[in-house]
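Structure record follows, encoded as structure tokens.
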Amino acid sequence: MAPVFPPEFAALEPFADWAVPTEKARYAKRIASTMDELDTFYNAAFPLLASGTDYLRNVSMEDISEPDKHLLWLFCALVTVAFSVEAWRQPKVPDTGAASIDAVAEPAV
């Protein structure tokens, strides 16, 4: 199977299913995940966030490669799960009942 991410981020390959293009899909994945799954993803991805940010700053968005695009989406997913891991300790936002997030526009990447 071909790598999903740039070689520098091969450690993230087990989390390729987090590299989804839309906020709605990332939120749905967070809600459908257990805290153990969220913790495992967060603990693998968070230490690579700074180097990933530096790496992506040097990528042209006009001709972004698929591996770079997947890396960007994975770090967007990390943002989506961060509060669940760091503050709430549950996938859903506390005390929100049936509330949901509906992005009306997504980035063009």
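By convention in this document, the chains of the structure tokens carry letters A, B, ... by their order, each chain's residues are numbered from 1, and ligands are numbered from 1 in the order they are shown.
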Using 7 Å as the limit and counting only C-alpha atoms, can you tabulate each residue of stretch 21-44 of chain A that touches stretch 77-97 of chain A, with its shortest atom-to-atom distance in Å and the two atoms involved, as CSV?
```
residue,atom,partner,partner_atom,distance
A:Arg26,CA,A:Ala77,CA,5.8
A:Tyr27,CA,A:Thr80,CA,6.6
A:Arg30,CA,A:Pro91,CA,5.9
A:Ile31,CA,A:Pro91,CA,5.1
A:Ser33,CA,A:Pro91,CA,7.0
A:Met35,CA,A:Gln90,CA,6.1
A:Leu38,CA,A:Val81,CA,6.7
A:Asp39,CA,A:Val85,CA,6.3
A:Tyr42,CA,A:Leu78,CA,6.4
```
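The residue that comes closest to A:Phe46, out of A:Val59, A:Phe75, A:Pro67, A:Lys29 and on the basis of only C-alpha atoms, is A:Phe75.
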Nearest-residue call for A:Phe9, choices A:Asp36, A:Glu106, A:Asp68, A:Glu23, using only C-alpha atoms: A:Asp68
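Separating atom CA of A:Val104 from atom CA of A:Lys69 is a distance of 20.6 Å.
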Expected answer as a VMD selection string: helix (DSSP H, G or I) residues in chain A: chain A and resid 7 to 18 23 to 32 35 to 57 66 to 88
Stretch 15-20 of chain A environment, 6 Å, only C-alpha atoms, sequence neighbours closer than 5 positions dropped, as a list in words: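 My reading of the contact set: His70, Trp73 and Leu74 of chain A.
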Atom-to-atom span, atom CA of A:Ala105 and atom CA of A:Val4, Å: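 Interatomic distance, atom CA of A:Ala105 to atom CA of A:Val4: 25.0 Å.
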